[in-house]
Number of protein chains: 4
Amino acid sequence: MGGLGDRGEGSPAVIPFSDGCGVVAAIGAGVSNVAVGDRVSTVHSPDWVSGPPTPEKGAVELGGPEAPGAGRELALLPEGAVIRAPEYLSDDEVATLACASLTAWRALFYDAHLRPGDTVVLQGTGGVSIFGLQFAVAAGLRTIVTSSSDDKLERARALGADVLINYVQTPKWGRAVREATGGRGADFILEVGGAGTLDQSFKAIRMGGHIAIVGAVATLAEPAQIAPHTFLRTAARVQGLVVGSREMFEQQLRAMTQSQIHPVVDRVFSWHDLRGALDFFDSGSHFGKVVIRFD
Amino acid sequence: MGGLGDRGEGSPAVIPFSDGCGVVAAIGAGVSNVAVGDRVSTVHSPDWVSGPPTPEKGAVELGGPEAPGAGRELALLPEGAVIRAPEYLSDDEVATLACASLTAWRALFYDAHLRPGDTVVLQGTGGVSIFGLQFAVAAGLRTIVTSSSDDKLERARALGADVLINYVQTPKWGRAVREATGGRGADFILEVGGAGTLDQSFKAIRMGGHIAIVGAVATLAEPAQIAPHTFLRTAARVQGLVVGSREMFEQQLRAMTQSQIHPVVDRVFSWHDLRGALDFFDSGSHFGKVVIRFD
Amino acid sequence: MGGLGDRGEGSPAVIPFSDGCGVVAAIGAGVSNVAVGDRVSTVHSPDWVSGPPTPEKGAVELGGPEAPGAGRELALLPEGAVIRAPEYLSDDEVATLACASLTAWRALFYDAHLRPGDTVVLQGTGGVSIFGLQFAVAAGLRTIVTSSSDDKLERARALGADVLINYVQTPKWGRAVREATGGRGADFILEVGGAGTLDQSFKAIRMGGHIAIVGAVATLAEPAQIAPHTFLRTAARVQGLVVGSREMFEQQLRAMTQSQIHPVVDRVFSWHDLRGALDFFDSGSHFGKVVIRFD
Amino acid sequence: MGGLGDRGEGSPAVIPFSDGCGVVAAIGAGVSNVAVGDRVSTVHSPDWVSGPPTPEKGAVELGGPEAPGAGRELALLPEGAVIRAPEYLSDDEVATLACASLTAWRALFYDAHLRPGDTVVLQGTGGVSIFGLQFAVAAGLRTIVTSSSDDKLERARALGADVLINYVQTPKWGRAVREATGGRGADFILEVGGAGTLDQSFKAIRMGGHIAIVGAVATLAEPAQIAPHTFLRTAARVQGLVVGSREMFEQQLRAMTQSQIHPVVDRVFSWHDLRGALDFFDSGSHFGKVVIRFD
């Protein structure tokens with residue numbers, strides 16, 4: 001079973017997907033993290049156990065050219081590539097965790113330094129943003145969600161979003177964020193839109209706030225026009241990131257368990273309808289995560 | 001109106017209480033933080049606006065020998081000694097904020113570096129601990145409360161406490177904390193008991209965890225027996241604190257508003273029964289805060 | 001006496017310069033920081049005493065439209081606008097401190113989190129960069145300096161620079177930095193060049209490193225082409241800044257005194273030759289700071 | 001070759017010493033950190049690669065019951081137990097690094113948050129303290145050294161110590177530290193003396209400063225009398241520690257290389273005079289480190 005999210009660019013020979021849920025069928029000598037019969041999630045970067053990122057720690061990514069991913073019924077994985085899954089989650093939910101949720105988690109609670117009562121902006125309603133919304137709500141943060149769809153905004157409200165902004169109706173949403181924060185600006189912005197939205201993020205962020213640039217979507221390759229002057233005026237920190245370490249993931253699972261956070265699974269596809277799953281994902285009409293089942 | 005909590009030791013001429021709620025009757029030239037008619041809370045340390053503590057910033061404390069406190073119907077205060085109170089709180093609730101709540105807030109979110117899913121221990125059910133419990137619950141932290149009273153533990157549970165320990169029945173509660181955390185230990189302990197409990201706190205804390213020593217109760221003057229070796233084994237940080245800055249307080253009020261946290265007011269006394277209020281407070285039978293009303 | 005550095009854009013009525021050295025001729029009631037006869041430096045942002053920046057703290061800048069600057073023989077200043085100067089410095093040296101040195105200091109030791117042995121890149125040999133070089137050398141950091149002039153590079157070497165790069169001869173200096181760090185990249189870059197250099201900075205920075213964008217030079221207003229993808233790959237933090245707080249300044253003066261750092265004064269002009277001073281500064285041929293004397 | 005420092009308590013079957021210098025004679029399949037012929041230092045905690053300490057990471061210590069130490073001519077070690085040594089150091093110097101130097105390094109630059117110009121106190125002139133002194137001097141910190149011997153204090157001065165205190169002549173050295181810092185107190189204290197000195201450390205530390213408790217000397221097992229009230233008044237952080245991670249060690253070696261710091265080797269003994277070496281170490285008359293040679 002594999003969760004859609006990070007498909008690993010490159011040659012067709014790659015076994016895709018960093019996210020997956022499975023049951024341990026057998027273990028090698030010396031394995032101590034998991035036992036036969038344990039239900040596990042995959043781990044996006046098996047070599048990144050702890051501490052800050054380095055090129056070496058991030059070199060191997062599940063579903064990339066270096067390591068076959070979760071898109072298969074049976075997998076031989078190093079011990080570091082799996083982690084015991086919390087019991088309160090369904091298999092479908094576990095299959096969404098490895099990449100998007102850890103990305104949101106690290107951005108919010110490792111790279112940024114937030115405190116309860118801070119205001120965070122989640123752009124859109126894709127996997128990373130919806131996890132970010134759920135984590136933020138559980139941590140006592142005030143949340144602002146942007147979307148082009150009022151329907152999706154309502155679904156975000158049901159998850160606890162405090163302020164909703166339809167960026168089609170309000171293209172200058174940076175100003176709307178500023179108004180919603182009494183002129184102060186947001187403390188944190190999860191930037192997923194790239195060139196088209198960074199400009200507004202700079203208008204929305206408070207002095208000294210944090211803009212986390214996440215995701216690997218195509219638009220991110222287009223250059224954004226940023227005047228260095230902009231950085232001076234806001235004193236904001238801008239920092240990109242790619243997923244996180246095993247220790248961050250363990251902490252995330254403790255937090256999810258504590259707050260009983262259930263990943264938002266939009267649709268579940270059969271492996272036999274992989275094409276349909278990918279098309280649905282690419283359409284951008286999903287809210288949260290898309291899952292594929294082997295059965 | 002004044003909240004009981006920090007009575008200012010010293011000469012009988014002191015006007016007591018750092019905590020209070022009132023309405024601004026008049027302002028001097030140049031005052032911009034508040035306007036006539038604003039309902040305000042007092043501020044414990046009017047000279048500590050921002051940044052880390054220094055002896056100079058903490059020299060003046062409301063209700064201490066340097067600055068008459070909130071125990072009076074009409075007060076002339078410097079601008080820094082008041083802050084606009086959140087509207088959703090009652091007058092009684094505002095009157096509990098200045099000292100105990102900010103102490104718990106700073107310990108949790110400034111001195112320590114906690115993340116959602118971390119486990120915190122709150123000792124007892126006095127003002128600081130109950131604020132700490134409420135803040136921790138709202139921040140997605142797992143909470144363990146100790147008390148000598150099962151009744152009080154049940155009230156803590158109603159506020160969201162996850163694990164309850166009666167330390168009369170379980171004097172070695174350090175071990176109980178360790179068991180409740182899968183052997184790992186607590187990430188944070190709000191230490192209010194002093195010499196009698198620090199030993200158990202060292203047994204309860206995880207490697208690298210944080211023990212915050214708060215309060216000004218008499219038992220803290222008694223020396224505790226601490227073998228320096230204990231510090232080595234746990235690598236825990238132990239840090240005392242006395243309240244916090246205005247910027248910390250502003251952030252706390254944002255967080256309280258976001259999570260709609262209501263201070264727990266145990267009993268309200270009339271000013272005419274001040275003796276009764278003090279006796280009740282000294283009895284230690286309160287849960288949360290005790291308030292005095294001028295009316 | 002006033003140091004050139006931040007001239008305050010705007011109307012001709014502004015009294016320029018945030019930097020200055022003078023002697024206290026008289027003090028008002030309640031002033032405790034300085035006494036008559038003290039030699040003082042000006043303070044760039046008199047309202048920013050402590051803690052993180054806010055728009056309110058940074059609103060008033062000496063030499064800007066809100067507060068007449070140091071370019072005058074006699075000045076009436078609020079207490080917060082002056083600070084006692086270290087005795088080991090000459091008057092000319094004190095007159096260089098308020099803006100450029102504090103900018104470099106904050107970037108290195110407050111916004112970034114460096115440790116001895118880390119490698120920092122200083123772009124060019126203007127006031128901020130040369131202060132940055134001196135502070136970095138004194139802190140046990142490895143230093144790389146870029147310049148278009150071999151002469152200036154040699155002067156930087158005399159101040160302790162470890163690696164010298166002539167960016168005219170080596171326009172792709174990002175690669176040179178990477179080679180000089182064993183492929184790892186620099187831990188910190190003081191980015192002063194704006195649009196023309198940010199691209200190379202991204203090539204030079206290590207994963208998770210810090211790029212501080214400083215200065216107010218004209219080129220910063222030109223938009224740089226930054227693909228958000230760039231942020232992802234490096235996980236670097238990019239953060240702009242404008243000077244710092246009084247507490248940061250006090251710490252800087254302690255550090256300068258400890259390491260007996262003398263500001264590099266390139267040329268001293270008489271006030272009667274102000275035009276010559278400004279022309280020299282605008283020519284960009286200076287190394288370190290330019291000073292104007294009233295005498 | 002093995003450096004004296006941490007002898008591993010316990011059964012006589014233990015091969016002692018965590019510190020050592022050697023040359024790689026052969027490597028197993030998959031080893032990439034070192035090559036045959038490399039000169040290496042041992043690593044105190046081979047399983048602690050990165051991130052904060054945990055019981056698991058610290059379980060195995062070279063020279064302890066879990067892992068035979070460096071006190072032997074030929075050793076079979078896991079890859080994580082060795083690290084390439086900087087070329088500018090002699091063999092004797094490399095043999096001093098694994099335990100004491102990393103302890104001082106971590107305390108100063110990981111647990112504490114120091115900035116150039118801060119004042120640090122080093123207690124005594126043993127291995128950890130002398131490394132701490134050298135690291136502090138190279139980082140632009142102001143240094144205060146205590147000792148019972150004026151001779152040793154003079155040797156400390158030659159290494160860059162700024163203030164010298166003979167604690168026999170000045171038993172209340174906490175007051176002397178406070179005077180030497182203009183009443184402010186030290187920002188950091190490396191506490192190695194245990195019960196006998198912690199009381200003075202509390203008097204010497206500034207509000208909000210950091211006291212690092214290091215070492216494994218016998219006196220640390222004796223309980224100190226600490227009134228919890230003491231913590232409140234100072235708001236100091238007290239934190240014990242046991243050595244550090246491989247990433248911390250790598251950073252330390254970069255810093256040592258940058259500042260060309262040479263460990264202070266007091267005396268070198270032949271392996272045939274091991275008893276003499278141990279006696280000399282136990283006498284406490286050493287200044288810095290004691291080394292044993294196999295030859």
# chains A, B, ... in the order shown; residues from 1 in each chain; ligands from 1
$ residues_around --residues "His44 (chain D)" --least-positions-apart "4" --cutoff "8 Å" --atoms "only C-alpha atoms" --output "list in words"
Ser18, Asp19, Glu61, Leu62, Ala81, Ala98, Cys99 and Val243 of chain D
$ write_last_selection --atoms "all heavy atoms" --output "PDB file, in the first residue's frame"
ATOM      1  N   SER D  18      39.165   5.841  27.270  1.00  0.00           N
ATOM      2  CA  SER D  18      38.353   6.177  26.101  1.00  0.00           C
ATOM      3  C   SER D  18      39.164   6.952  25.074  1.00  0.00           C
ATOM      4  O   SER D  18      38.787   7.028  23.912  1.00  0.00           O
ATOM      5  CB  SER D  18      37.131   7.011  26.528  1.00  0.00           C
ATOM      6  OG  SER D  18      37.540   8.300  26.960  1.00  0.00           O
ATOM      7  N   ASP D  19      40.259   7.545  25.514  1.00  0.00           N
ATOM      8  CA  ASP D  19      41.052   8.383  24.613  1.00  0.00           C
ATOM      9  C   ASP D  19      42.219   7.598  24.025  1.00  0.00           C
ATOM     10  O   ASP D  19      42.885   6.854  24.750  1.00  0.00           O
ATOM     11  CB  ASP D  19      41.651   9.575  25.361  1.00  0.00           C
ATOM     12  CG  ASP D  19      40.617  10.434  26.066  1.00  0.00           C
ATOM     13  OD1 ASP D  19      39.497   9.955  26.297  1.00  0.00           O
ATOM     14  OD2 ASP D  19      40.955  11.574  26.405  1.00  0.00           O
ATOM     15  N   GLU D  61      30.353   3.182  25.953  1.00  0.00           N
ATOM     16  CA  GLU D  61      31.449   4.134  26.125  1.00  0.00           C
ATOM     17  C   GLU D  61      32.764   3.385  25.998  1.00  0.00           C
ATOM     18  O   GLU D  61      32.960   2.366  26.677  1.00  0.00           O
ATOM     19  CB  GLU D  61      31.371   4.813  27.496  1.00  0.00           C
ATOM     20  CG  GLU D  61      30.112   5.640  27.689  1.00  0.00           C
ATOM     21  CD  GLU D  61      30.070   6.291  29.065  1.00  0.00           C
ATOM     22  OE1 GLU D  61      30.257   5.569  30.057  1.00  0.00           O
ATOM     23  OE2 GLU D  61      29.860   7.513  29.121  1.00  0.00           O
ATOM     24  N   LEU D  62      33.637   3.889  25.178  1.00  0.00           N
ATOM     25  CA  LEU D  62      34.937   3.242  25.003  1.00  0.00           C
ATOM     26  C   LEU D  62      35.679   3.209  26.343  1.00  0.00           C
ATOM     27  O   LEU D  62      35.791   4.240  27.016  1.00  0.00           O
ATOM     28  CB  LEU D  62      35.758   4.024  23.970  1.00  0.00           C
ATOM     29  CG  LEU D  62      36.449   3.170  22.904  1.00  0.00           C
ATOM     30  CD1 LEU D  62      35.394   2.418  22.096  1.00  0.00           C
ATOM     31  CD2 LEU D  62      37.307   4.011  21.999  1.00  0.00           C
ATOM     32  N   ALA D  81      33.844   4.353  16.158  1.00  0.00           N
ATOM     33  CA  ALA D  81      34.731   4.563  17.313  1.00  0.00           C
ATOM     34  C   ALA D  81      36.019   5.268  16.948  1.00  0.00           C
ATOM     35  O   ALA D  81      36.860   5.492  17.819  1.00  0.00           O
ATOM     36  CB  ALA D  81      35.029   3.224  17.991  1.00  0.00           C
ATOM     37  N   ALA D  98      39.531  12.479  23.112  1.00  0.00           N
ATOM     38  CA  ALA D  98      38.196  11.880  23.016  1.00  0.00           C
ATOM     39  C   ALA D  98      37.226  12.298  24.115  1.00  0.00           C
ATOM     40  O   ALA D  98      36.064  12.544  23.859  1.00  0.00           O
ATOM     41  CB  ALA D  98      38.320  10.355  22.966  1.00  0.00           C
ATOM     42  N   CYS D  99      37.694  12.396  25.343  1.00  0.00           N
ATOM     43  CA  CYS D  99      36.743  12.606  26.445  1.00  0.00           C
ATOM     44  C   CYS D  99      36.746  14.045  26.980  1.00  0.00           C
ATOM     45  O   CYS D  99      35.758  14.756  26.885  1.00  0.00           O
ATOM     46  CB  CYS D  99      37.031  11.615  27.564  1.00  0.00           C
ATOM     47  SG  CYS D  99      35.919  11.775  28.968  1.00  0.00           S
ATOM     48  N   VAL D 243      30.304  13.991  28.034  1.00  0.00           N
ATOM     49  CA  VAL D 243      30.898  13.986  26.700  1.00  0.00           C
ATOM     50  C   VAL D 243      29.882  14.432  25.637  1.00  0.00           C
ATOM     51  O   VAL D 243      28.971  15.214  25.957  1.00  0.00           O
ATOM     52  CB  VAL D 243      31.528  12.616  26.380  1.00  0.00           C
ATOM     53  CG1 VAL D 243      32.547  12.732  25.255  1.00  0.00           C
ATOM     54  CG2 VAL D 243      32.276  12.093  27.606  1.00  0.00           C
TER      55      VAL D 243
END
$ residues_around --residues "Gly58 (chain C)" --least-positions-apart "5" --cutoff "7 Å" --atoms "only C-alpha atoms" --output "ChimeraX atom specification"
/C:45,47-48,53
$ write_last_selection --atoms "all heavy atoms" --output "CSV table (one decimal), in the first residue's frame"
chain,number,residue,atom,x,y,z
C,45,SER,N,19.0,52.9,17.0
C,45,SER,CA,17.5,52.8,17.2
C,45,SER,C,17.2,52.9,18.7
C,45,SER,O,17.2,51.9,19.4
C,45,SER,CB,17.0,51.4,16.7
C,45,SER,OG,17.4,51.2,15.3
C,47,ASP,N,14.8,53.3,20.5
C,47,ASP,CA,13.6,52.7,21.1
C,47,ASP,C,13.7,51.2,21.2
C,47,ASP,O,12.8,50.5,21.7
C,47,ASP,CB,12.3,53.1,20.4
C,47,ASP,CG,12.0,54.6,20.5
C,47,ASP,OD1,12.6,55.2,21.4
C,47,ASP,OD2,11.2,55.1,19.7
C,48,TRP,N,14.7,50.6,20.6
C,48,TRP,CA,14.9,49.2,20.6
C,48,TRP,C,15.9,48.8,21.7
C,48,TRP,O,17.1,48.8,21.4
C,48,TRP,CB,15.3,48.7,19.2
C,48,TRP,CG,15.4,47.2,19.1
C,48,TRP,CD1,15.0,46.3,20.0
C,48,TRP,CD2,15.9,46.4,18.0
C,48,TRP,NE1,15.2,45.0,19.6
C,48,TRP,CE2,15.7,45.1,18.3
C,48,TRP,CE3,16.4,46.8,16.8
C,48,TRP,CZ2,16.1,44.0,17.5
C,48,TRP,CZ3,16.8,45.7,15.9
C,48,TRP,CH2,16.6,44.4,16.2
C,53,PRO,N,13.1,42.3,17.1
C,53,PRO,CA,12.6,43.5,16.5
C,53,PRO,C,11.1,43.6,16.3
C,53,PRO,O,10.5,42.5,16.1
C,53,PRO,CB,13.3,43.5,15.1
C,53,PRO,CG,13.6,42.1,14.8
C,53,PRO,CD,13.8,41.4,16.1
$ interface_residues --of "chain C" --to "chain A" --cutoff "8 Å" --atoms "only C-alpha atoms" --output "PyMOL selection string"
chain C and resi 52-55+194-195+207-208+213-214+216+220-242
$ select_by_dssp --residues "region 16-103 of chain D" --states "strand (DSSP E)" --output "list in words"
Asp19, Gly20, Cys21, Gly22, Val23, Arg39, Val40, Ser41, Thr42, Val82, Ile83 and Arg84 of chain D
$ write_last_selection --atoms "all heavy atoms" --output "CSV table (one decimal), in the first residue's frame"
chain,number,residue,atom,x,y,z
D,19,ASP,N,40.3,7.5,25.5
D,19,ASP,CA,41.1,8.4,24.6
D,19,ASP,C,42.2,7.6,24.0
D,19,ASP,O,42.9,6.9,24.7
D,19,ASP,CB,41.7,9.6,25.4
D,19,ASP,CG,40.6,10.4,26.1
D,19,ASP,OD1,39.5,10.0,26.3
D,19,ASP,OD2,41.0,11.6,26.4
D,20,GLY,N,42.5,7.8,22.8
D,20,GLY,CA,43.6,7.1,22.2
D,20,GLY,C,43.9,7.7,20.8
D,20,GLY,O,43.1,8.3,20.1
D,21,CYS,N,45.2,7.4,20.4
D,21,CYS,CA,45.6,7.8,19.0
D,21,CYS,C,46.2,6.5,18.4
D,21,CYS,O,46.9,5.8,19.1
D,21,CYS,CB,46.7,8.9,19.1
D,21,CYS,SG,47.4,9.3,17.5
D,22,GLY,N,45.9,6.3,17.1
D,22,GLY,CA,46.5,5.1,16.5
D,22,GLY,C,46.4,5.3,15.0
D,22,GLY,O,45.9,6.3,14.5
D,23,VAL,N,46.9,4.3,14.3
D,23,VAL,CA,46.9,4.3,12.8
D,23,VAL,C,46.1,3.1,12.3
D,23,VAL,O,46.2,2.0,12.9
D,23,VAL,CB,48.4,4.2,12.2
D,23,VAL,CG1,48.3,4.1,10.7
D,23,VAL,CG2,49.1,5.4,12.7
D,39,ARG,N,45.7,8.3,10.4
D,39,ARG,CA,45.9,8.4,11.9
D,39,ARG,C,44.6,8.9,12.5
D,39,ARG,O,44.0,9.8,12.0
D,39,ARG,CB,47.0,9.5,12.2
D,39,ARG,CG,47.4,9.5,13.6
D,39,ARG,CD,48.5,10.5,13.9
D,39,ARG,NE,48.0,11.8,13.6
D,39,ARG,CZ,48.5,12.9,14.1
D,39,ARG,NH1,49.5,12.9,14.9
D,39,ARG,NH2,48.0,14.1,13.7
D,40,VAL,N,44.2,8.2,13.5
D,40,VAL,CA,42.8,8.5,14.1
D,40,VAL,C,42.9,8.7,15.6
D,40,VAL,O,43.8,8.3,16.2
D,40,VAL,CB,41.9,7.3,13.8
D,40,VAL,CG1,41.6,7.1,12.3
D,40,VAL,CG2,42.4,6.0,14.4
D,41,SER,N,41.8,9.4,16.0
D,41,SER,CA,41.5,9.5,17.4
D,41,SER,C,40.4,8.5,17.7
D,41,SER,O,39.6,8.3,16.8
D,41,SER,CB,41.1,10.9,17.8
D,41,SER,OG,40.5,10.9,19.1
D,42,THR,N,40.3,8.0,18.9
D,42,THR,CA,39.1,7.3,19.3
D,42,THR,C,38.0,8.2,19.5
D,42,THR,O,38.1,9.4,19.6
D,42,THR,CB,39.4,6.5,20.6
D,42,THR,OG1,39.9,7.4,21.6
D,42,THR,CG2,40.3,5.3,20.4
D,82,VAL,N,36.2,5.6,15.7
D,82,VAL,CA,37.4,6.3,15.3
D,82,VAL,C,37.1,7.5,14.4
D,82,VAL,O,36.0,7.5,13.7
D,82,VAL,CB,38.4,5.4,14.5
D,82,VAL,CG1,39.0,4.4,15.5
D,82,VAL,CG2,37.8,4.8,13.3
D,83,ILE,N,37.9,8.5,14.4
D,83,ILE,CA,37.7,9.7,13.6
D,83,ILE,C,39.1,10.2,13.1
D,83,ILE,O,40.1,10.1,13.9
D,83,ILE,CB,37.0,10.8,14.4
D,83,ILE,CG1,36.5,11.9,13.5
D,83,ILE,CG2,37.8,11.3,15.5
D,83,ILE,CD1,35.6,12.9,14.2
D,84,ARG,N,39.2,10.6,11.9
D,84,ARG,CA,40.5,11.1,11.4
D,84,ARG,C,41.0,12.2,12.2
D,84,ARG,O,40.2,13.1,12.5
D,84,ARG,CB,40.4,11.5,9.9
D,84,ARG,CG,41.4,10.9,9.0
D,84,ARG,CD,41.4,11.4,7.6
D,84,ARG,NE,40.0,11.4,7.1
D,84,ARG,CZ,39.6,10.7,6.0
D,84,ARG,NH1,40.4,9.9,5.4
D,84,ARG,NH2,38.4,10.8,5.6
$ select_by_dssp --residues "region 162-240 of chain B" --states "alpha helix (DSSP H)" --output "PyMOL selection string"
chain B and resi 173-180+198-204+228-234
$ residues_around --residues "Ser149 (chain D)" --least-positions-apart "3" --cutoff "9 Å" --atoms "only C-alpha atoms" --output "ChimeraX atom specification"
/D:146,152-154,166-168
$ write_last_selection --atoms "N, CA and C atoms" --output "PDB file, in the first residue's frame"
ATOM      1  N   THR D 146      40.258  29.469  38.303  1.00  0.00           N
ATOM      2  CA  THR D 146      40.511  29.289  39.735  1.00  0.00           C
ATOM      3  C   THR D 146      41.485  28.124  39.932  1.00  0.00           C
ATOM      4  N   LYS D 152      50.227  27.202  38.818  1.00  0.00           N
ATOM      5  CA  LYS D 152      49.278  26.780  37.779  1.00  0.00           C
ATOM      6  C   LYS D 152      48.518  27.965  37.212  1.00  0.00           C
ATOM      7  N   LEU D 153      48.196  28.911  38.076  1.00  0.00           N
ATOM      8  CA  LEU D 153      47.491  30.107  37.585  1.00  0.00           C
ATOM      9  C   LEU D 153      48.360  30.850  36.569  1.00  0.00           C
ATOM     10  N   GLU D 154      49.665  30.887  36.833  1.00  0.00           N
ATOM     11  CA  GLU D 154      50.539  31.558  35.868  1.00  0.00           C
ATOM     12  C   GLU D 154      50.575  30.811  34.536  1.00  0.00           C
ATOM     13  N   ASN D 166      43.168  32.500  43.177  1.00  0.00           N
ATOM     14  CA  ASN D 166      43.647  31.416  44.035  1.00  0.00           C
ATOM     15  C   ASN D 166      42.582  31.179  45.103  1.00  0.00           C
ATOM     16  N   TYR D 167      41.907  30.033  44.994  1.00  0.00           N
ATOM     17  CA  TYR D 167      40.748  29.829  45.881  1.00  0.00           C
ATOM     18  C   TYR D 167      41.151  29.440  47.299  1.00  0.00           C
ATOM     19  N   VAL D 168      42.439  29.183  47.502  1.00  0.00           N
ATOM     20  CA  VAL D 168      42.892  28.984  48.885  1.00  0.00           C
ATOM     21  C   VAL D 168      43.003  30.336  49.577  1.00  0.00           C
TER      22      VAL D 168
END
$ closest_residue --among "A:Gly117, A:Pro86, A:Gly185, A:Gln200" --to "Thr170 (chain A)" --atoms "only C-alpha atoms"
A:Gln200
$ atom_distance --atom1 "CA of Asp151 (chain A)" --atom2 "CA of Val290 (chain A)"
18.0 Å
$ residues_around --residues "Thr125 (chain C)" --least-positions-apart "5" --cutoff "7 Å" --atoms "only C-alpha atoms" --output "MDAnalysis selection string"
chainID C and resid 130 147 287:288
$ write_last_selection --atoms "N, CA, C and O atoms" --output "compact mmCIF listing (two decimals), in the first residue's frame"
# COMPACT_ATOMS: atom_id res chain seq x y z
N ILE C 130 33.83 44.58 6.85
CA ILE C 130 35.11 44.60 7.58
C ILE C 130 34.87 44.42 9.08
O ILE C 130 35.61 43.70 9.76
N SER C 147 36.40 40.32 -3.02
CA SER C 147 36.59 41.72 -3.41
C SER C 147 36.99 41.76 -4.89
O SER C 147 37.41 40.75 -5.45
N PHE C 287 37.77 51.30 2.34
CA PHE C 287 37.98 50.00 2.99
C PHE C 287 37.65 50.23 4.45
O PHE C 287 38.39 50.90 5.17
N GLY C 288 36.53 49.72 4.90
CA GLY C 288 36.10 50.00 6.27
C GLY C 288 35.28 51.28 6.31
O GLY C 288 34.40 51.50 5.48
$ residues_around --residues "region 131-137 of chain C" --least-positions-apart "2" --cutoff "8 Å" --atoms "only C-alpha atoms" --output "PyMOL selection string"
chain C and resi 100-101+104-105+108+120+122+127-129+139-143+145+156+159-161+190+256+261+263-264+288
$ decode --residues "region 203-215 of chain A" --atoms "N, CA and C atoms" --output "PDB file, in the first residue's frame"
ATOM      1  N   LYS A 203       4.280  40.085   2.077  1.00  0.00           N
ATOM      2  CA  LYS A 203       3.362  41.125   2.572  1.00  0.00           C
ATOM      3  C   LYS A 203       2.617  40.642   3.811  1.00  0.00           C
ATOM      4  N   ALA A 204       2.475  39.328   3.937  1.00  0.00           N
ATOM      5  CA  ALA A 204       1.676  38.775   5.031  1.00  0.00           C
ATOM      6  C   ALA A 204       2.486  38.517   6.295  1.00  0.00           C
ATOM      7  N   ILE A 205       3.804  38.387   6.143  1.00  0.00           N
ATOM      8  CA  ILE A 205       4.609  37.928   7.289  1.00  0.00           C
ATOM      9  C   ILE A 205       4.897  39.091   8.240  1.00  0.00           C
ATOM     10  N   ARG A 206       4.960  38.797   9.522  1.00  0.00           N
ATOM     11  CA  ARG A 206       5.323  39.828  10.486  1.00  0.00           C
ATOM     12  C   ARG A 206       6.840  40.038  10.478  1.00  0.00           C
ATOM     13  N   MET A 207       7.261  41.142  11.034  1.00  0.00           N
ATOM     14  CA  MET A 207       8.689  41.381  11.178  1.00  0.00           C
ATOM     15  C   MET A 207       9.310  40.239  11.990  1.00  0.00           C
ATOM     16  N   GLY A 208      10.351  39.637  11.426  1.00  0.00           N
ATOM     17  CA  GLY A 208      11.007  38.537  12.109  1.00  0.00           C
ATOM     18  C   GLY A 208      10.293  37.208  12.015  1.00  0.00           C
ATOM     19  N   GLY A 209       9.245  37.129  11.214  1.00  0.00           N
ATOM     20  CA  GLY A 209       8.529  35.865  11.059  1.00  0.00           C
ATOM     21  C   GLY A 209       9.277  34.853  10.206  1.00  0.00           C
ATOM     22  N   HIS A 210       8.635  33.702   9.985  1.00  0.00           N
ATOM     23  CA  HIS A 210       9.304  32.582   9.303  1.00  0.00           C
ATOM     24  C   HIS A 210       8.461  32.124   8.112  1.00  0.00           C
ATOM     25  N   ILE A 211       9.090  32.087   6.935  1.00  0.00           N
ATOM     26  CA  ILE A 211       8.439  31.556   5.735  1.00  0.00           C
ATOM     27  C   ILE A 211       9.132  30.249   5.373  1.00  0.00           C
ATOM     28  N   ALA A 212       8.382  29.145   5.450  1.00  0.00           N
ATOM     29  CA  ALA A 212       8.937  27.837   5.101  1.00  0.00           C
ATOM     30  C   ALA A 212       8.532  27.493   3.679  1.00  0.00           C
ATOM     31  N   ILE A 213       9.516  27.221   2.832  1.00  0.00           N
ATOM     32  CA  ILE A 213       9.234  26.865   1.444  1.00  0.00           C
ATOM     33  C   ILE A 213       9.316  25.356   1.318  1.00  0.00           C
ATOM     34  N   VAL A 214       8.186  24.756   0.978  1.00  0.00           N
ATOM     35  CA  VAL A 214       8.121  23.296   0.943  1.00  0.00           C
ATOM     36  C   VAL A 214       7.617  22.809  -0.399  1.00  0.00           C
ATOM     37  N   GLY A 215       7.642  21.488  -0.546  1.00  0.00           N
ATOM     38  CA  GLY A 215       7.047  20.878  -1.727  1.00  0.00           C
ATOM     39  C   GLY A 215       8.028  20.792  -2.863  1.00  0.00           C
TER      40      GLY A 215
END
